[in-house]
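Accompanying notes for the structure given below.
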Amino acid sequence: MSLSGFINKAKDFLGSPDVPDIDESQLRVSEPERQAVGVPAVAHAMEHAVREMGPARTVPILLGLNQSKGFDCMSCAWADPDAAERSPFEFCENGAKAVAAEATRKKVGADFFRQHSISDLAMHDDYWLNRQGRLTTPMFKDEGSDHYVPVSWKEAFRLVADELKSLDDPDQAAFYTSGRASNEAAFLLQLLSRGFGTNNLPDCSNMCHESSGTALTDTIGIGKGSVSLRDLEDAKLVFVVGQNPGTNHPRMLSALEKVKESGGTIVAVNPLPEAGLIKYRNPQTPKGVAGKGTEISDHFLQVRLGGDMALFRGFGKVLLEAERAGEHTIGMKSVFDHAFIERYAEGFEDWTSSLDATSWADIEEATGLPEARIREIGRLLLDSDRTCVCWAMGLTQHVHSVPTIKEVVNVVLAQGNIGRPGAGLVPVRGHSNVQGDRTMGIFEKMPPAFHDALDSHFDFVSPREHGTDSVETIRRMRDGKIRFFLGLAGNFVKAAPDTLVTEAALRNTDMTVHISTKLNHSHFATGKRALILPTLGRTDLDYQRSGLQKVTVEDSMSMVHASTGKLQPPAKDLHSEPAIIAHIAAELFTDGDGNRLPGTPDIDWTACVDDYAVIREHIEAVIPGFEDFERRIQEPGGFKLPHGPQDSRTFTTPSGKAVFTDAPLEWLPVPEGRVMLQTLRSHDQFNTTIYGKDDRYRGIHGGRRVVFLNPLDAQKAGVAEGDYVDLHAEWDDDVSRVAPRFRVVEYDTTAGSAAAYYPETNVLVPLDSQARESGTPTSKSVVVRVERSEIQEPLTDVEAALHAVN
């Protein structure tokens, strides 16, 4: 079909309010694809874009995406090329879908809420909710009511402030942040929270890369990756571990293609083969459109779920054996970089002792891979003096995630692959500004130096007692200890584990407040009172008293750059995220005459609304690395924040050195008759936002309630391809957790390892099943019993939830 054909097809959907929920009876399964992107990705992107935005808006808005004078994608946090090297089409399929979803011409106003009760809206699935349009009017739900009703902005701010003032203790409030929030909004929110007196600042990072931040802080002194985009492109050897860039970070494939073009080697490590790591068809090159595309992975290690620590322990053993045999790494005199180790690191001998103490039998059992294969891949490290290791949720969401990532760090440190061009650690962040939010202070355990700077600049005393992360916030809401919840963007109820517990916890509060662009299920798991505060999105023009505003974000590689919207907002009086937070703070922290209340931050909240440069001045005064902030964001591409290990091999650990660790080897044995389930995204979603009904790379069309099983596991469970099963999570408590009626799809995944989509399977993730040290939910290692389902008819999301309760 031609491009005009796709546009005409998409026009059929324009303005249609009759979007059905996903009908699982239409589910069909085909062979998984063996390549990603290409012309089909362009076609799907354009179909979504034109359907939501219309033909006239689609081209100009997409051409502004990820450009130096445009706006930053609200989807993933992948780094942009240097400004001079960017393509006019610097976006991927899912980025285009995210933009289309936000820039839709559909609107949700007061009339919509008059027509739909909260109970009615809660019956619809995430796909239906996302398709309704942009929120335009502040809405309030009073105690005992099943309807949201319109409320003025002034009254909304007063309601929030009055609720906060009514609390007995500041720690009865929690302020959640999604990675979509800008630096400016995040900085103001943490100041609001700490000005109120609490460090209860849960965020989406708690559910994804918290394990990375914990492990990296312990070992190299900073919880961020240590490479630039150019470093990755120049690497000789790249490991992509527990990650699916073809769906979750498609622009990363362009960087991996450059690795291959320069003669580098790529190793994919994952329980499932993923299309994007098999072959990439770059739609901006002739070979991607009409040619054969680029074979991405030279090697695929199909590791068992949770076996990555053992895999890298095996690589370490290979290196140690080669060192003792007198071999060397290319460009070096020995296998290990002893000059680096002696000057910059500690604990090396303890690590090598742990290698000797680990048997190959244990490594084989943990990984599901033969010793010979691990040795073969391990020896690739000898041929590279520029090695990068990339990872995502496949490493971070297990009980032993922190020691797993530390084992990755051990291998990287041993060869001096940090602070060296073309080498380093690459935790690939998920949401657009999740890393920037942490830099701004969205963290329940900020170091004393941050508090000292905050207090000095704003002339108040911020609380030092650690606050709550996401899971602890849920526990305290459940137990009545947190009575107020504010969510800045995101869909907390669907992002969090143990869905039914999370919903009940939110309903146990006195007030929930959500600052949102579109409807989601968190709006219907309300406290006694609830507010929805609609906000401007990344695509929207943001005019304040001083003129057109910009915000800033930080990507996965510590680059900070500006973002300026392009479209007229869906409503004239729509407030921005920084403005909403500043108005709430002004109502909370000033008296009736506008005077600052004693003990609160000394800041002109109105000035922050009028000109976001004022917020950036405050950021510059508090947070190192933001010197000359306003000028540097005018530069094309922005600027890079300091990173001691990368910039100068400076490690801010207690000893001042990088740390080798020697934790006992751990893995996840699968109990007899059970499987280990990982939750994952389909190709038609980003985080909890569902854009469509398909996962075409894995061959799933028209539905989402599928479970991918190895044929041997299906046989052991007495089921086969096409059967319907219930998934029962097994955990050491008296709670029954079940996700009913999933269609079995026999798939090439490791024996004992299964997979299914979230948020549908978040109901199976126990609240108390967390990664040690980081507290991240173990969404990649849920012990599940598979049983043939007695439910014959397809279930909606809500019907499935009711069955789970029963």
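Going by the structure tokens order, chains are called A, B, ..., each with residues numbered from 1, while ligands are numbered from 1 in the order shown.
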Report as JSON lines: every residue of segment 68-121 of chain A with an atom at most 12 Å from segment 221-228 of chain A, its closest pair of atoms, and their distance in Å to one decimal, counting only C-alpha atoms, with rows sorted by chain and ascending residue number.
```
{"residue": "A:Trp78", "atom": "CA", "partner": "A:Ser228", "partner_atom": "CA", "distance": 10.9}
{"residue": "A:Ala79", "atom": "CA", "partner": "A:Ser228", "partner_atom": "CA", "distance": 8.3}
{"residue": "A:Asp80", "atom": "CA", "partner": "A:Ser228", "partner_atom": "CA", "distance": 10.1}
{"residue": "A:Pro81", "atom": "CA", "partner": "A:Ser228", "partner_atom": "CA", "distance": 9.7}
{"residue": "A:Asp82", "atom": "CA", "partner": "A:Ser228", "partner_atom": "CA", "distance": 10.6}
```
Tell me, as a VMD selection string, which residues lie within 12 Å of Gly441 of chain A, counting only C-alpha atoms; anything in the same chain fewer than 6 positions away does not count. chain A and resid 177 183 to 194 199 to 203 434 to 435 447 to 451 453 to 454 619 622 to 624
Hey, what's within 10 Å of Ser774 of chain A if we count only C-alpha atoms and toss same-chain stuff fewer than 5 positions away? As number ranges by chain, please? A: 206-207, 209-215, 396-397, 399-402, 469
How would the residues just picked look written out with N, CA and C atoms as a PDB file, in the first residue's frame?
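Just written: selection_18.pdb:
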```pdb
ATOM      1  N   ASN A 206      11.837   3.492  40.558  1.00  0.00           N
ATOM      2  CA  ASN A 206      11.749   2.446  41.570  1.00  0.00           C
ATOM      3  C   ASN A 206      11.289   1.123  40.971  1.00  0.00           C
ATOM      4  N   MET A 207      10.506   1.189  39.894  1.00  0.00           N
ATOM      5  CA  MET A 207       9.959  -0.009  39.293  1.00  0.00           C
ATOM      6  C   MET A 207      10.817  -0.553  38.145  1.00  0.00           C
ATOM      7  N   HIS A 209      14.811   0.836  36.784  1.00  0.00           N
ATOM      8  CA  HIS A 209      16.272   0.834  36.828  1.00  0.00           C
ATOM      9  C   HIS A 209      16.849   1.135  38.203  1.00  0.00           C
ATOM     10  N   GLU A 210      16.057   1.033  39.267  1.00  0.00           N
ATOM     11  CA  GLU A 210      16.598   1.290  40.600  1.00  0.00           C
ATOM     12  C   GLU A 210      17.761   0.354  40.923  1.00  0.00           C
ATOM     13  N   SER A 211      17.663  -0.875  40.452  1.00  0.00           N
ATOM     14  CA  SER A 211      18.753  -1.826  40.685  1.00  0.00           C
ATOM     15  C   SER A 211      20.035  -1.356  40.011  1.00  0.00           C
ATOM     16  N   SER A 212      19.913  -0.754  38.824  1.00  0.00           N
ATOM     17  CA  SER A 212      21.102  -0.232  38.142  1.00  0.00           C
ATOM     18  C   SER A 212      21.719   0.902  38.941  1.00  0.00           C
ATOM     19  N   GLY A 213      20.888   1.849  39.365  1.00  0.00           N
ATOM     20  CA  GLY A 213      21.405   2.972  40.126  1.00  0.00           C
ATOM     21  C   GLY A 213      22.083   2.543  41.407  1.00  0.00           C
ATOM     22  N   THR A 214      21.489   1.563  42.101  1.00  0.00           N
ATOM     23  CA  THR A 214      22.073   1.067  43.345  1.00  0.00           C
ATOM     24  C   THR A 214      23.409   0.403  43.094  1.00  0.00           C
ATOM     25  N   ALA A 215      23.461  -0.505  42.123  1.00  0.00           N
ATOM     26  CA  ALA A 215      24.701  -1.232  41.831  1.00  0.00           C
ATOM     27  C   ALA A 215      25.803  -0.301  41.356  1.00  0.00           C
ATOM     28  N   THR A 396      17.298  -5.985  35.776  1.00  0.00           N
ATOM     29  CA  THR A 396      17.027  -5.159  36.962  1.00  0.00           C
ATOM     30  C   THR A 396      15.877  -5.646  37.831  1.00  0.00           C
ATOM     31  N   GLN A 397      15.068  -6.588  37.337  1.00  0.00           N
ATOM     32  CA  GLN A 397      13.831  -6.936  38.044  1.00  0.00           C
ATOM     33  C   GLN A 397      13.841  -8.378  38.566  1.00  0.00           C
ATOM     34  N   VAL A 399      15.289 -10.729  42.261  1.00  0.00           N
ATOM     35  CA  VAL A 399      15.722 -10.603  43.652  1.00  0.00           C
ATOM     36  C   VAL A 399      17.212 -10.274  43.720  1.00  0.00           C
ATOM     37  N   HIS A 400      18.010 -10.892  42.863  1.00  0.00           N
ATOM     38  CA  HIS A 400      19.461 -10.706  42.900  1.00  0.00           C
ATOM     39  C   HIS A 400      19.944  -9.772  41.795  1.00  0.00           C
ATOM     40  N   SER A 401      19.142  -8.786  41.432  1.00  0.00           N
ATOM     41  CA  SER A 401      19.514  -7.877  40.346  1.00  0.00           C
ATOM     42  C   SER A 401      20.744  -7.041  40.667  1.00  0.00           C
ATOM     43  N   VAL A 402      20.841  -6.548  41.896  1.00  0.00           N
ATOM     44  CA  VAL A 402      21.978  -5.691  42.224  1.00  0.00           C
ATOM     45  C   VAL A 402      23.298  -6.459  42.127  1.00  0.00           C
ATOM     46  N   ASP A 469       9.815   4.700  48.872  1.00  0.00           N
ATOM     47  CA  ASP A 469       9.835   4.444  47.437  1.00  0.00           C
ATOM     48  C   ASP A 469       8.442   3.973  47.016  1.00  0.00           C
TER      49      ASP A 469
END
```
Residue set, segment 13-65 of chain A restricted to strand (DSSP E or B), as JSON, numbers by chain: {"A": [28, 29, 36, 37, 65]}
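With distances restricted to only C-alpha atoms, A:Arg741 is the closest residue to Glu799 of chain A from A:Arg741, A:Lys141, A:Arg772, A:Arg34.
Interatomic distance, atom CA of Lys260 of chain A against atom CA of Met557 of chain A: 20.9 Å.
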Quick one, how far is atom CA of Val409 of chain A from atom CA of Val670 of chain A? 26.6 Å
Could you list, as number ranges by chain, every residue within 8 Å of Asn520 of chain A, counting only C-alpha atoms and ignoring same-chain residues fewer than 3 positions away? A: 126, 129-130, 491, 523-524
Write out as a VMD selection string which residues come within 12 Å of His575 of chain A when counting only C-alpha atoms, dropping same-chain ones fewer than 2 positions away. chain A and resid 135 to 138 152 to 154 157 515 to 517 533 to 537 540 to 544 569 to 573 577 to 584 609 to 610
Work out how far apart atom CA of Leu668 of chain A and atom CA of Val744 of chain A are and give it in Å to one decimal. 23.1 Å
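Across A:Glu630, A:Asp479, A:Glu773, A:Asp733, the tightest approach to Gln172 of chain A is made by A:Asp479 when counting only C-alpha atoms.
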So that I can see what lies close to Val706 of chain A, please list as an NGL selection string the residues with an atom at most 8 Å from it, counting only C-alpha atoms and leaving out residues fewer than 3 positions away in the same chain. :A and (703 or 742-745 or 756-757)
Any chance you can output those residues with N, CA, C and O atoms as a PDB file, in the first residue's frame?
```
ATOM      1  N   GLY A 703      -5.006  -9.004  19.972  1.00  0.00           N
ATOM      2  CA  GLY A 703      -5.238  -9.306  21.387  1.00  0.00           C
ATOM      3  C   GLY A 703      -3.947  -9.251  22.177  1.00  0.00           C
ATOM      4  O   GLY A 703      -2.851  -9.101  21.610  1.00  0.00           O
ATOM      5  N   PHE A 742      -5.439 -16.950  29.567  1.00  0.00           N
ATOM      6  CA  PHE A 742      -4.399 -16.536  28.626  1.00  0.00           C
ATOM      7  C   PHE A 742      -4.225 -17.634  27.588  1.00  0.00           C
ATOM      8  O   PHE A 742      -4.173 -18.818  27.925  1.00  0.00           O
ATOM      9  N   ARG A 743      -4.115 -17.259  26.346  1.00  0.00           N
ATOM     10  CA  ARG A 743      -3.922 -18.237  25.280  1.00  0.00           C
ATOM     11  C   ARG A 743      -2.461 -18.672  25.244  1.00  0.00           C
ATOM     12  O   ARG A 743      -1.547 -17.845  25.263  1.00  0.00           O
ATOM     13  N   VAL A 744      -2.239 -19.961  25.174  1.00  0.00           N
ATOM     14  CA  VAL A 744      -0.883 -20.491  25.090  1.00  0.00           C
ATOM     15  C   VAL A 744      -0.330 -20.270  23.681  1.00  0.00           C
ATOM     16  O   VAL A 744      -0.965 -20.614  22.682  1.00  0.00           O
ATOM     17  N   VAL A 745       0.843 -19.665  23.630  1.00  0.00           N
ATOM     18  CA  VAL A 745       1.587 -19.535  22.376  1.00  0.00           C
ATOM     19  C   VAL A 745       2.920 -20.255  22.581  1.00  0.00           C
ATOM     20  O   VAL A 745       3.748 -19.828  23.390  1.00  0.00           O
ATOM     21  N   ALA A 756       4.679 -12.937  29.396  1.00  0.00           N
ATOM     22  CA  ALA A 756       3.344 -12.415  29.106  1.00  0.00           C
ATOM     23  C   ALA A 756       3.386 -10.904  29.276  1.00  0.00           C
ATOM     24  O   ALA A 756       4.281 -10.356  29.925  1.00  0.00           O
ATOM     25  N   TYR A 757       2.413 -10.218  28.710  1.00  0.00           N
ATOM     26  CA  TYR A 757       2.430  -8.765  28.697  1.00  0.00           C
ATOM     27  C   TYR A 757       1.979  -8.177  30.033  1.00  0.00           C
ATOM     28  O   TYR A 757       1.107  -8.707  30.717  1.00  0.00           O
TER      29      TYR A 757
END
```
As a PyMOL selection string, please: every residue in segment 90-326 of chain A that DSSP puts in helix (DSSP H, G or I). chain A and resi 93-102+110-115+118-122+126-130+153-166+170-172+183-196+204-207+210-220+229-233+245-248+252-261+275-277+286-289+308-324
Write the residues of the preceding selection, restricted to C-alpha atoms, as an mmCIF file, in the first residue's frame.
```cif
data_model
loop_
_atom_site.group_PDB
_atom_site.id
_atom_site.type_symbol
_atom_site.label_atom_id
_atom_site.label_comp_id
_atom_site.auth_asym_id
_atom_site.auth_seq_id
_atom_site.Cartn_x
_atom_site.Cartn_y
_atom_site.Cartn_z
ATOM 1 C CA GLU A 93 7.715 3.992 15.161
ATOM 2 C CA ASN A 94 6.857 4.027 18.844
ATOM 3 C CA GLY A 95 8.018 7.621 19.214
ATOM 4 C CA ALA A 96 5.620 8.583 16.436
ATOM 5 C CA LYS A 97 2.854 6.667 18.206
ATOM 6 C CA ALA A 98 3.592 8.482 21.471
ATOM 7 C CA VAL A 99 3.476 11.858 19.747
ATOM 8 C CA ALA A 100 0.283 10.953 17.920
ATOM 9 C CA ALA A 101 -1.361 9.854 21.160
ATOM 10 C CA GLU A 102 -0.516 13.170 22.839
ATOM 11 C CA ALA A 110 -16.713 18.050 31.303
ATOM 12 C CA ASP A 111 -19.390 16.596 29.013
ATOM 13 C CA PHE A 112 -17.492 13.336 28.772
ATOM 14 C CA PHE A 113 -17.436 12.958 32.562
ATOM 15 C CA ARG A 114 -21.128 13.796 32.776
ATOM 16 C CA GLN A 115 -21.831 10.909 30.433
ATOM 17 C CA ILE A 118 -16.127 6.427 37.427
ATOM 18 C CA SER A 119 -17.464 2.876 37.664
ATOM 19 C CA ASP A 120 -18.270 2.924 33.956
ATOM 20 C CA LEU A 121 -14.863 4.258 32.950
ATOM 21 C CA ALA A 122 -13.083 1.710 35.116
ATOM 22 C CA ASP A 126 -6.140 0.829 28.622
ATOM 23 C CA TYR A 127 -6.424 0.845 24.844
ATOM 24 C CA TRP A 128 -9.913 2.400 24.965
ATOM 25 C CA LEU A 129 -8.922 4.978 27.569
ATOM 26 C CA ASN A 130 -5.886 6.103 25.596
ATOM 27 C CA TRP A 153 -8.249 25.840 38.715
ATOM 28 C CA LYS A 154 -8.306 28.130 41.744
ATOM 29 C CA GLU A 155 -10.619 25.802 43.623
ATOM 30 C CA ALA A 156 -8.560 22.771 42.620
ATOM 31 C CA PHE A 157 -5.385 24.282 44.045
ATOM 32 C CA ARG A 158 -7.213 25.219 47.231
ATOM 33 C CA LEU A 159 -8.590 21.689 47.626
ATOM 34 C CA VAL A 160 -5.096 20.195 47.352
ATOM 35 C CA ALA A 161 -3.567 22.673 49.795
ATOM 36 C CA ASP A 162 -6.400 22.247 52.309
ATOM 37 C CA GLU A 163 -6.039 18.467 52.170
ATOM 38 C CA LEU A 164 -2.316 18.674 52.818
ATOM 39 C CA LYS A 165 -2.825 21.100 55.695
ATOM 40 C CA SER A 166 -5.313 18.689 57.271
ATOM 41 C CA PRO A 170 3.892 15.498 56.508
ATOM 42 C CA ASP A 171 4.849 11.838 56.031
ATOM 43 C CA GLN A 172 1.166 11.079 55.475
ATOM 44 C CA ASN A 183 13.506 18.784 34.890
ATOM 45 C CA GLU A 184 11.714 21.986 35.782
ATOM 46 C CA ALA A 185 8.567 20.196 36.957
ATOM 47 C CA ALA A 186 10.537 17.572 38.869
ATOM 48 C CA PHE A 187 12.665 20.163 40.661
ATOM 49 C CA LEU A 188 9.597 22.091 41.784
ATOM 50 C CA LEU A 189 7.841 18.918 42.910
ATOM 51 C CA GLN A 190 10.716 17.783 45.115
ATOM 52 C CA LEU A 191 10.886 21.303 46.577
ATOM 53 C CA LEU A 192 7.138 21.208 47.262
ATOM 54 C CA SER A 193 7.486 17.822 48.960
ATOM 55 C CA ARG A 194 10.485 18.777 51.072
ATOM 56 C CA GLY A 195 9.045 22.191 51.829
ATOM 57 C CA PHE A 196 5.999 20.386 53.153
ATOM 58 C CA CYS A 204 8.875 5.202 38.140
ATOM 59 C CA SER A 205 12.592 4.451 38.437
ATOM 60 C CA ASN A 206 11.749 2.446 41.570
ATOM 61 C CA MET A 207 9.959 -0.009 39.293
ATOM 62 C CA GLU A 210 16.598 1.290 40.600
ATOM 63 C CA SER A 211 18.753 -1.826 40.685
ATOM 64 C CA SER A 212 21.102 -0.232 38.142
ATOM 65 C CA GLY A 213 21.405 2.972 40.126
ATOM 66 C CA THR A 214 22.073 1.067 43.345
ATOM 67 C CA ALA A 215 24.701 -1.232 41.831
ATOM 68 C CA LEU A 216 26.486 1.534 39.937
ATOM 69 C CA THR A 217 26.525 3.905 42.913
ATOM 70 C CA ASP A 218 28.071 1.176 45.066
ATOM 71 C CA THR A 219 30.736 0.269 42.502
ATOM 72 C CA ILE A 220 31.621 3.398 40.519
ATOM 73 C CA LEU A 229 26.438 7.703 22.030
ATOM 74 C CA ARG A 230 29.697 8.018 20.075
ATOM 75 C CA ASP A 231 31.394 5.632 22.509
ATOM 76 C CA LEU A 232 28.786 2.983 21.808
ATOM 77 C CA GLU A 233 29.042 3.444 18.060
ATOM 78 C CA PRO A 245 15.643 -2.392 21.528
ATOM 79 C CA GLY A 246 13.525 -3.173 18.454
ATOM 80 C CA THR A 247 10.405 -2.392 20.492
ATOM 81 C CA ASN A 248 11.569 -0.405 23.491
ATOM 82 C CA MET A 252 19.310 2.278 19.408
ATOM 83 C CA LEU A 253 19.330 -0.012 16.380
ATOM 84 C CA SER A 254 20.899 2.778 14.318
ATOM 85 C CA ALA A 255 23.789 2.913 16.792
ATOM 86 C CA LEU A 256 24.154 -0.871 16.691
ATOM 87 C CA GLU A 257 24.131 -0.740 12.896
ATOM 88 C CA LYS A 258 27.118 1.645 13.071
ATOM 89 C CA VAL A 259 28.910 -0.826 15.330
ATOM 90 C CA LYS A 260 28.480 -3.497 12.659
ATOM 91 C CA GLU A 261 29.478 -1.166 9.825
ATOM 92 C CA ALA A 275 13.432 -9.358 15.875
ATOM 93 C CA GLY A 276 15.375 -6.122 16.322
ATOM 94 C CA LEU A 277 18.480 -7.992 17.464
ATOM 95 C CA PRO A 286 18.765 1.953 0.528
ATOM 96 C CA LYS A 287 19.798 -1.403 1.997
ATOM 97 C CA GLY A 288 17.166 -0.993 4.703
ATOM 98 C CA VAL A 289 14.398 -0.297 2.195
ATOM 99 C CA ASP A 308 22.917 -13.367 33.793
ATOM 100 C CA MET A 309 24.985 -13.144 36.985
ATOM 101 C CA ALA A 310 26.296 -16.642 36.340
ATOM 102 C CA LEU A 311 26.972 -15.799 32.699
ATOM 103 C CA PHE A 312 29.218 -12.857 33.561
ATOM 104 C CA ARG A 313 30.827 -14.892 36.329
ATOM 105 C CA GLY A 314 31.661 -17.391 33.587
ATOM 106 C CA PHE A 315 33.144 -14.635 31.427
ATOM 107 C CA GLY A 316 35.275 -13.643 34.403
ATOM 108 C CA LYS A 317 36.529 -17.216 34.759
ATOM 109 C CA VAL A 318 37.484 -17.275 31.076
ATOM 110 C CA LEU A 319 39.452 -14.042 31.492
ATOM 111 C CA LEU A 320 41.199 -15.272 34.637
ATOM 112 C CA GLU A 321 42.172 -18.535 32.966
ATOM 113 C CA ALA A 322 43.586 -16.650 29.976
ATOM 114 C CA GLU A 323 45.496 -14.295 32.271
ATOM 115 C CA ARG A 324 47.119 -17.203 34.075
#
```
Would you kindly return, as a short mmCIF file (atom, residue, chain, number, x, y, z; two decimals) with N, CA and C atoms, in the first residue's frame, each protein, DNA or RNA residue with an atom no farther than 12 Å from any atom of Asn410 of chain A, considering only C-alpha atoms and excluding same-chain residues fewer than 2 positions away?
```cif
data_model
loop_
_atom_site.label_atom_id
_atom_site.label_comp_id
_atom_site.auth_asym_id
_atom_site.auth_seq_id
_atom_site.Cartn_x
_atom_site.Cartn_y
_atom_site.Cartn_z
N ALA A 215 23.46 -0.50 42.12
CA ALA A 215 24.70 -1.23 41.83
C ALA A 215 25.80 -0.30 41.36
N LEU A 216 25.47 0.64 40.48
CA LEU A 216 26.49 1.53 39.94
C LEU A 216 26.99 2.52 41.00
N THR A 219 29.49 0.74 43.13
CA THR A 219 30.74 0.27 42.50
C THR A 219 31.54 1.36 41.82
N ILE A 220 30.87 2.33 41.21
CA ILE A 220 31.62 3.40 40.52
C ILE A 220 31.31 4.79 41.07
N MET A 309 23.86 -13.26 36.05
CA MET A 309 24.99 -13.14 36.98
C MET A 309 25.97 -14.29 36.75
N PHE A 312 28.08 -13.76 33.45
CA PHE A 312 29.22 -12.86 33.56
C PHE A 312 30.27 -13.40 34.54
N ARG A 313 29.85 -14.20 35.50
CA ARG A 313 30.83 -14.89 36.33
C ARG A 313 31.65 -15.86 35.45
N GLY A 314 30.96 -16.51 34.52
CA GLY A 314 31.66 -17.39 33.59
C GLY A 314 32.63 -16.63 32.71
N PHE A 315 32.22 -15.45 32.22
CA PHE A 315 33.14 -14.64 31.43
C PHE A 315 34.38 -14.28 32.25
N GLY A 316 34.15 -13.95 33.52
CA GLY A 316 35.27 -13.64 34.40
C GLY A 316 36.23 -14.81 34.54
N LYS A 317 35.68 -16.02 34.66
CA LYS A 317 36.53 -17.22 34.76
C LYS A 317 37.36 -17.41 33.48
N LEU A 319 38.39 -15.04 31.48
CA LEU A 319 39.45 -14.04 31.49
C LEU A 319 40.57 -14.43 32.46
N PHE A 336 44.03 -8.66 31.96
CA PHE A 336 43.49 -7.65 32.85
C PHE A 336 44.31 -6.36 32.72
N ILE A 341 43.60 -1.25 37.41
CA ILE A 341 43.15 -1.89 38.65
C ILE A 341 43.95 -1.38 39.85
N ALA A 345 41.08 0.96 41.41
CA ALA A 345 40.09 -0.01 41.89
C ALA A 345 40.55 -0.72 43.16
N GLU A 346 39.59 -1.35 43.83
CA GLU A 346 39.87 -2.16 45.00
C GLU A 346 39.00 -3.42 44.95
N GLY A 347 39.44 -4.46 45.66
CA GLY A 347 38.67 -5.70 45.75
C GLY A 347 38.94 -6.69 44.64
N PHE A 348 39.95 -6.45 43.82
CA PHE A 348 40.21 -7.31 42.66
C PHE A 348 40.52 -8.74 43.09
N GLU A 349 41.36 -8.90 44.09
CA GLU A 349 41.74 -10.25 44.52
C GLU A 349 40.55 -11.01 45.07
N ASP A 350 39.67 -10.32 45.80
CA ASP A 350 38.47 -10.99 46.32
C ASP A 350 37.58 -11.46 45.17
N TRP A 351 37.52 -10.65 44.12
CA TRP A 351 36.71 -11.05 42.97
C TRP A 351 37.30 -12.29 42.29
N THR A 352 38.60 -12.29 42.07
CA THR A 352 39.20 -13.46 41.42
C THR A 352 39.05 -14.71 42.29
N SER A 354 36.43 -15.30 44.09
CA SER A 354 35.05 -15.76 43.85
C SER A 354 34.94 -16.49 42.53
N LEU A 355 35.76 -16.10 41.55
CA LEU A 355 35.77 -16.82 40.27
C LEU A 355 36.26 -18.25 40.47
N VAL A 389 28.74 -2.82 27.62
CA VAL A 389 27.68 -3.73 28.03
C VAL A 389 26.41 -2.91 28.25
N PRO A 403 23.44 -7.65 42.73
CA PRO A 403 24.69 -8.39 42.52
C PRO A 403 24.90 -8.81 41.07
N THR A 404 23.83 -9.01 40.31
CA THR A 404 23.98 -9.33 38.89
C THR A 404 24.66 -8.18 38.16
N ILE A 405 24.16 -6.97 38.37
CA ILE A 405 24.74 -5.81 37.68
C ILE A 405 26.16 -5.55 38.18
N LYS A 406 26.39 -5.80 39.45
CA LYS A 406 27.77 -5.66 39.97
C LYS A 406 28.71 -6.66 39.30
N GLU A 407 28.22 -7.84 38.94
CA GLU A 407 29.05 -8.81 38.24
C GLU A 407 29.39 -8.31 36.84
N VAL A 408 28.43 -7.64 36.19
CA VAL A 408 28.72 -7.00 34.91
C VAL A 408 29.82 -5.96 35.09
N VAL A 412 33.72 -5.45 33.33
CA VAL A 412 34.10 -4.20 32.67
C VAL A 412 35.32 -3.58 33.34
N LEU A 413 35.34 -3.54 34.66
CA LEU A 413 36.47 -2.97 35.38
C LEU A 413 37.76 -3.77 35.14
N ALA A 414 37.64 -5.08 35.09
CA ALA A 414 38.83 -5.93 34.99
C ALA A 414 39.67 -5.62 33.77
N GLN A 415 39.01 -5.19 32.69
CA GLN A 415 39.76 -4.85 31.48
C GLN A 415 39.91 -3.34 31.29
N GLY A 416 39.59 -2.58 32.34
CA GLY A 416 39.75 -1.13 32.27
C GLY A 416 38.80 -0.46 31.31
N ASN A 417 37.64 -1.07 31.07
CA ASN A 417 36.71 -0.54 30.07
C ASN A 417 35.75 0.50 30.66
N ILE A 418 36.32 1.44 31.37
CA ILE A 418 35.55 2.56 31.88
C ILE A 418 36.46 3.78 31.87
N GLY A 424 32.41 0.97 28.09
CA GLY A 424 31.74 1.36 29.32
C GLY A 424 30.44 0.65 29.58
N LEU A 425 29.71 1.19 30.54
CA LEU A 425 28.47 0.63 31.06
C LEU A 425 27.28 1.41 30.51
N ALA A 658 36.97 2.55 42.31
CA ALA A 658 35.96 1.63 41.81
C ALA A 658 36.05 0.33 42.61
N VAL A 659 34.92 -0.35 42.74
CA VAL A 659 34.85 -1.48 43.66
C VAL A 659 34.51 -2.77 42.91
N PHE A 660 35.42 -3.75 42.98
CA PHE A 660 35.10 -5.11 42.57
C PHE A 660 34.30 -5.76 43.72
N THR A 661 33.32 -6.57 43.38
CA THR A 661 32.52 -7.24 44.40
C THR A 661 32.63 -8.75 44.25
N ASP A 662 32.35 -9.46 45.33
CA ASP A 662 32.54 -10.91 45.32
C ASP A 662 31.34 -11.62 45.93
N ALA A 663 30.14 -11.23 45.52
CA ALA A 663 28.94 -11.83 46.09
C ALA A 663 28.83 -13.30 45.71
#
```
